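Here's the structure we're looking at; comments come further down.
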Amino acid sequence: MTAPPPASPRERQADRSAARRNRWLTGPAVTIVALFGIVPLLIVLVYSFLAPAPYGGVQWKFSTDAYLNFLFQRDIFSDALQFSPAFLLIYLRSFVFAVITTLICLALGFPTAYFMATRPPEQRNWWVLLITIPFWSNLLVRTLAIMFIIRDEGLINMALMGLGLIDKPITMLYTNFAIVLGLFYSFLPFMVLPLYSSLEKLDFRLVEAAHDLYATRRQVLWRIVIPMSAPGIVAGCLLVFIPALGAYVTPLILGGGTHLMIGDLIAQQFGSGRNWPLGSAQALILMAAVLVALWVYVRNAAKGGKHG
Amino acid sequence: MPEQPSGSAIAIREVSKVFGSGSDAVTALAQVDIDIRANEFFTLLGPSGCGKTTLLRLIAGFDYPTTGEIRLYGDDIAQLPPYRRPINTVFQNYALFPHMTVAQNIGFGLEMLGRPRAEIAARIDEMLRLVRMEELKNRRTSQISGGQQQRVALARALAPQPKVLLLDEPLSALDYKLRKEMQLELKRLQHETGITFIFVTHDQEEALTMSDRIAVMSKGRVLQIGTAHDIYDKPAERFVANFIGETNLLDAEVTGVDAATATVRVKGTTLQAGLPEGFRPTGKATVVIRPEHAELEAGGADRGTLGGLGGVITNVVFFGTDTHYYIALDGGGEFMVRRQNSRGAAGFASGDRVGLRIDPGAARVLRD
């Protein structure tokens, strides 16, 4: 092998101008990320260290009260800090709901995606289209539709009573069940689509090879199909878990405001709570928690999934 | 149908496979009958689309025959799923599990059979020794070369000690030298393990060098089954003669038939030609003569002593160990003669007039 000849000055100049051109091309993307991603985040960060103004907004006075208020309450008389788990419990509940939603989405999304990926190629795009149909209508409208289906005088209760299976309506609306149902319904496509794209790439000759080596259908699923579609499972779970954790509209409508989740809590601080710094701090704590969870998750996935 | 001999490992009985239905139906296999003996290296040979891979998939259990029986040591297995058949496959693309190490791949079958850990570990080591891959035990399958992947695929399929091993063109992805090496390796493995091998290939040379017996297939049918010698020396049909080795086909007139030979006239010359079993030709027929079964004689004027065939050399191609002479026959047609290159032998050149002497017993009538 001969070493490549040293670049002539002209070539080097060409390289530099290409690099400059590339910088120009990435300009719009960088601007958008900075303008709509980083700047707002910085504003939230700054606000979280300020004091609330009486009628919303902030006073330009440094304060860590917002973060203290997250875990503690100031006694009205003695000004002493008392531990108050109220916010923490809401975070915990949101976390549990998000986990349950993710698991249900995975349990139902996986067979769906597998079914789609095993259709003849010319049929598959139609199935993808069907999966995306819910996106064509507004989330609010879809959530309200669920409300009409599951409320006491809704479709399900009327049908069950009409059939004489129950005497009085089963309360479903404004329960935890309603929230999880709504979250599951909203986020299912985010689980199905990455799973599908992962399963579609699966080499089904490996399935045949496993069958040939005495693996039953169940063993093929656990030993071949699931490990091989791990990237899709990871992507789907993240795409469902993160938005489910911060969901706002669905818990508000289907939970009736009685079962607060993080999204509602943060919105409250900017609305009726008139405590923008507290809302900002809560938002940042949520983000930090998600980032830490992500970091741990991706690190483990990378360790276990190097073969992928 | 006579009862199969007790030595048959696999008996394929009147197996047909039709894909699709109605007007789209495609017959991939039509009434195939094959007996494969225990401990045999059996090859299914044919061009792509001849049905050899379909037949292999039926034996493995990835597809089910439309009609007919597949018996494994007497038991009909045609309807069993692949994981219930003591038959393993080496796939054309190897189909190694990319998320497992070499050792995990090899142990997979035994693990699925629920064998104890210690037994699996011992067997993995034994298999690695057998295919000479000990040092790569803990590698990922993506980190090893094509030839090594081939060995892992073999070890993986042999580890559960199947009664029959199926090999679906396993050498086609390897380069020439490695392929030659693996051919010998496969023969050695078959010898050492004593397992019945069913090998699918479109490469006639590979089939001839490796197989105990060969079934030549075309268009979903088995045309001829026999040893490499039988198939090469006594092809029964034009397709077999053409597909295997190089061939001279000549139009002939049958003038007489006795027990195993026919008297035929080819371009005014009378030859004795062998007959396929149970075939009694009349009238026009095709005669096959292999290129190494004819000798060139200078001159070629005296037709009486030279078997009468003669012509002019049009092309001479040197192949190292031998030379091919292409001859335009008097009265039309081409004939190719292969001569071994030995020192001192007189050479012939393009444009020389030559006579052809056909070895006695070399000509054979084809069933067509």
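Labeling convention for the structure tokens: chains A, B, ... as they appear, residues from 1 per chain, ligands from 1 in order of appearance.
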
Test item: residues at most 7 Å from segment 172-184 of chain A, only C-alpha atoms, excluding those fewer than 6 positions along its chain, as JSON, numbers by chain: {"A": [97, 101, 104, 105, 143, 147, 150, 151, 244, 250, 251, 254, 255, 256]}

Surrounding residues of Asp152 of chain A excluding itself and chain neighbours under 6 positions, 9 Å, only C-alpha atoms, as an MDAnalysis selection string: chainID A and resid 158 168:173

For the residues in that selection, give me N, CA and C atoms as a PDB file, in the first residue's frame.
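Just written: again_11.pdb:
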```
ATOM      1  N   MET A 158     -74.243   1.718  28.826  1.00  0.00           N
ATOM      2  CA  MET A 158     -75.570   1.587  28.221  1.00  0.00           C
ATOM      3  C   MET A 158     -75.729   0.204  27.603  1.00  0.00           C
ATOM      4  N   LYS A 168     -76.517  -1.249  37.601  1.00  0.00           N
ATOM      5  CA  LYS A 168     -76.158   0.169  37.611  1.00  0.00           C
ATOM      6  C   LYS A 168     -74.795   0.349  36.952  1.00  0.00           C
ATOM      7  N   PRO A 169     -74.560   1.520  36.401  1.00  0.00           N
ATOM      8  CA  PRO A 169     -73.332   1.719  35.609  1.00  0.00           C
ATOM      9  C   PRO A 169     -72.057   1.479  36.417  1.00  0.00           C
ATOM     10  N   ILE A 170     -71.068   0.943  35.750  1.00  0.00           N
ATOM     11  CA  ILE A 170     -69.747   0.792  36.359  1.00  0.00           C
ATOM     12  C   ILE A 170     -69.022   2.127  36.200  1.00  0.00           C
ATOM     13  N   THR A 171     -68.514   2.647  37.299  1.00  0.00           N
ATOM     14  CA  THR A 171     -67.817   3.929  37.218  1.00  0.00           C
ATOM     15  C   THR A 171     -66.433   3.712  36.621  1.00  0.00           C
ATOM     16  N   MET A 172     -66.240   4.296  35.457  1.00  0.00           N
ATOM     17  CA  MET A 172     -64.925   4.172  34.826  1.00  0.00           C
ATOM     18  C   MET A 172     -64.270   5.529  34.645  1.00  0.00           C
ATOM     19  N   LEU A 173     -65.105   6.535  34.306  1.00  0.00           N
ATOM     20  CA  LEU A 173     -64.567   7.867  34.085  1.00  0.00           C
ATOM     21  C   LEU A 173     -64.062   8.438  35.409  1.00  0.00           C
TER      22      LEU A 173
END
```

Residue contacts of segment 321-329 of chain B (8 Å, only C-alpha atoms) excluding same-chain residues fewer than 4 positions away, as a VMD selection string: chain B and resid 309 to 317 333 to 341

Atom CA of Ala207 of chain B to atom CA of Thr43 of chain B, straight-line distance in Å: 6.3 Å

Counting only C-alpha atoms, which residues of chain A fall within 12 Å of chain B, and what is the closest atom pair for each with its distance in Å at one decimal, ordered by chain and rising number, as a tab-separated table?
```
residue	atom	partner	partner_atom	distance
A:Leu202	CA	B:Pro98	CA	11.2
A:Asp203	CA	B:Ala95	CA	8.5
A:Phe204	CA	B:Ala95	CA	9.3
A:Arg205	CA	B:Ala95	CA	6.3
A:Leu206	CA	B:Ala95	CA	5.4
A:Val207	CA	B:Ala95	CA	8.9
A:Glu208	CA	B:Phe62	CA	7.1
A:Ala209	CA	B:Ala95	CA	6.4
A:Ala210	CA	B:Gly109	CA	7.8
A:His211	CA	B:Tyr83	CA	5.1
A:Asp212	CA	B:Pro82	CA	5.2
A:Leu213	CA	B:Gly109	CA	4.5
A:Tyr214	CA	B:Tyr83	CA	3.8
A:Ala215	CA	B:Met112	CA	5.4
A:Thr216	CA	B:Tyr83	CA	6.4
A:Arg217	CA	B:Tyr83	CA	9.2
A:Arg218	CA	B:Met112	CA	11.0
A:Gln219	CA	B:Met112	CA	7.8
A:Val220	CA	B:Met112	CA	9.7
A:Trp222	CA	B:Met112	CA	11.8
A:Arg223	CA	B:His99	CA	9.6
A:Ile224	CA	B:Phe97	CA	7.7
A:Val225	CA	B:Phe97	CA	10.6
A:Ile226	CA	B:His99	CA	10.8
A:Pro227	CA	B:His99	CA	7.4
A:Met228	CA	B:His99	CA	7.1
A:Ser229	CA	B:His99	CA	10.6
A:Ala230	CA	B:His99	CA	10.4
A:Gly304	CA	B:His99	CA	10.0
A:Gly305	CA	B:His99	CA	8.1
A:Lys306	CA	B:His99	CA	8.5
A:His307	CA	B:His99	CA	5.1
A:Gly308	CA	B:His99	CA	6.1
```

Between atom CA of Ala235 of chain A and atom CA of Ile146 of chain A - distance in Å to one decimal: 26.7 Å

Arg93 of chain A environment, 12 Å, only C-alpha atoms, sequence neighbours closer than 2 positions dropped, as a ChimeraX atom specification: /A:85-91,95-100,176,179-180,244-246,251,259-263,265

For Cys50 of chain B: contacts at 8 Å, only C-alpha atoms, fewer than 4 positions along chain excluded, given as number ranges by chain: B: 28, 46, 217-221

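The closest residue to Leu154 of chain B, picked from B:Leu186, B:Leu208, B:Leu174, B:Ala236 and counting only C-alpha atoms, is B:Leu186.
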
DSSP strand (DSSP E or B) residues within segment 41-74 of chain A, listed as number ranges by chain: A: 50-52, 58-62, 72-74

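The protein and nucleic acid residues lying at most 10 Å from Met182 of chain B are B:Gly147, B:Gln150, B:Arg151, B:Pro170, B:Leu171, B:Leu174, B:Tyr176, B:Lys177, B:Lys187, B:Arg188, with only C-alpha atoms considered and sequence neighbours fewer than 5 positions away removed.
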
Would you export the selected residues with N, CA, C and O atoms as a PDB file, in the first residue's frame, please?
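Resulting contents of again.pdb:
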```
ATOM      1  N   GLY B 147     -15.644 -18.513   6.099  1.00  0.00           N
ATOM      2  CA  GLY B 147     -15.306 -19.924   6.254  1.00  0.00           C
ATOM      3  C   GLY B 147     -15.513 -20.392   7.688  1.00  0.00           C
ATOM      4  O   GLY B 147     -15.987 -21.504   7.920  1.00  0.00           O
ATOM      5  N   GLN B 150     -19.135 -20.823   8.377  1.00  0.00           N
ATOM      6  CA  GLN B 150     -19.535 -22.088   7.790  1.00  0.00           C
ATOM      7  C   GLN B 150     -19.294 -23.244   8.768  1.00  0.00           C
ATOM      8  O   GLN B 150     -20.140 -24.112   8.974  1.00  0.00           O
ATOM      9  N   ARG B 151     -18.124 -23.228   9.403  1.00  0.00           N
ATOM     10  CA  ARG B 151     -17.795 -24.283  10.356  1.00  0.00           C
ATOM     11  C   ARG B 151     -18.702 -24.233  11.582  1.00  0.00           C
ATOM     12  O   ARG B 151     -19.124 -25.269  12.101  1.00  0.00           O
ATOM     13  N   PRO B 170     -24.287 -25.195   1.031  1.00  0.00           N
ATOM     14  CA  PRO B 170     -23.569 -24.504   2.099  1.00  0.00           C
ATOM     15  C   PRO B 170     -22.246 -23.896   1.642  1.00  0.00           C
ATOM     16  O   PRO B 170     -21.703 -23.052   2.335  1.00  0.00           O
ATOM     17  N   LEU B 171     -21.749 -24.310   0.498  1.00  0.00           N
ATOM     18  CA  LEU B 171     -20.422 -23.837   0.093  1.00  0.00           C
ATOM     19  C   LEU B 171     -20.482 -22.732  -0.955  1.00  0.00           C
ATOM     20  O   LEU B 171     -19.461 -22.205  -1.374  1.00  0.00           O
ATOM     21  N   LEU B 174     -18.596 -19.364  -0.512  1.00  0.00           N
ATOM     22  CA  LEU B 174     -17.153 -19.359  -0.247  1.00  0.00           C
ATOM     23  C   LEU B 174     -16.365 -19.217  -1.544  1.00  0.00           C
ATOM     24  O   LEU B 174     -16.845 -19.585  -2.614  1.00  0.00           O
ATOM     25  N   TYR B 176     -13.204 -20.052  -4.193  1.00  0.00           N
ATOM     26  CA  TYR B 176     -12.883 -21.353  -4.784  1.00  0.00           C
ATOM     27  C   TYR B 176     -12.014 -22.214  -3.878  1.00  0.00           C
ATOM     28  O   TYR B 176     -12.304 -23.385  -3.634  1.00  0.00           O
ATOM     29  N   LYS B 177     -10.950 -21.613  -3.338  1.00  0.00           N
ATOM     30  CA  LYS B 177      -9.991 -22.394  -2.562  1.00  0.00           C
ATOM     31  C   LYS B 177     -10.617 -22.915  -1.271  1.00  0.00           C
ATOM     32  O   LYS B 177     -10.488 -24.087  -0.912  1.00  0.00           O
ATOM     33  N   LYS B 187     -16.563 -34.148   3.857  1.00  0.00           N
ATOM     34  CA  LYS B 187     -16.419 -35.603   3.699  1.00  0.00           C
ATOM     35  C   LYS B 187     -15.860 -36.207   4.991  1.00  0.00           C
ATOM     36  O   LYS B 187     -16.327 -37.242   5.460  1.00  0.00           O
ATOM     37  N   ARG B 188     -14.856 -35.534   5.568  1.00  0.00           N
ATOM     38  CA  ARG B 188     -14.248 -36.019   6.797  1.00  0.00           C
ATOM     39  C   ARG B 188     -15.293 -36.054   7.925  1.00  0.00           C
ATOM     40  O   ARG B 188     -15.415 -37.052   8.642  1.00  0.00           O
TER      41      ARG B 188
END
```

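Residues in contact with Trp60 of chain A at 12 Å, where only C-alpha atoms are counted and same-chain residues fewer than 6 positions away are skipped, are listed as Val46, Tyr47, Ser48, Phe49, Leu50, Ala51, Pro52, Ala53 and Pro277 of chain A.
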
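Separating atom CA of Val30 of chain A from atom CA of Val44 of chain A is a distance of 20.1 Å.
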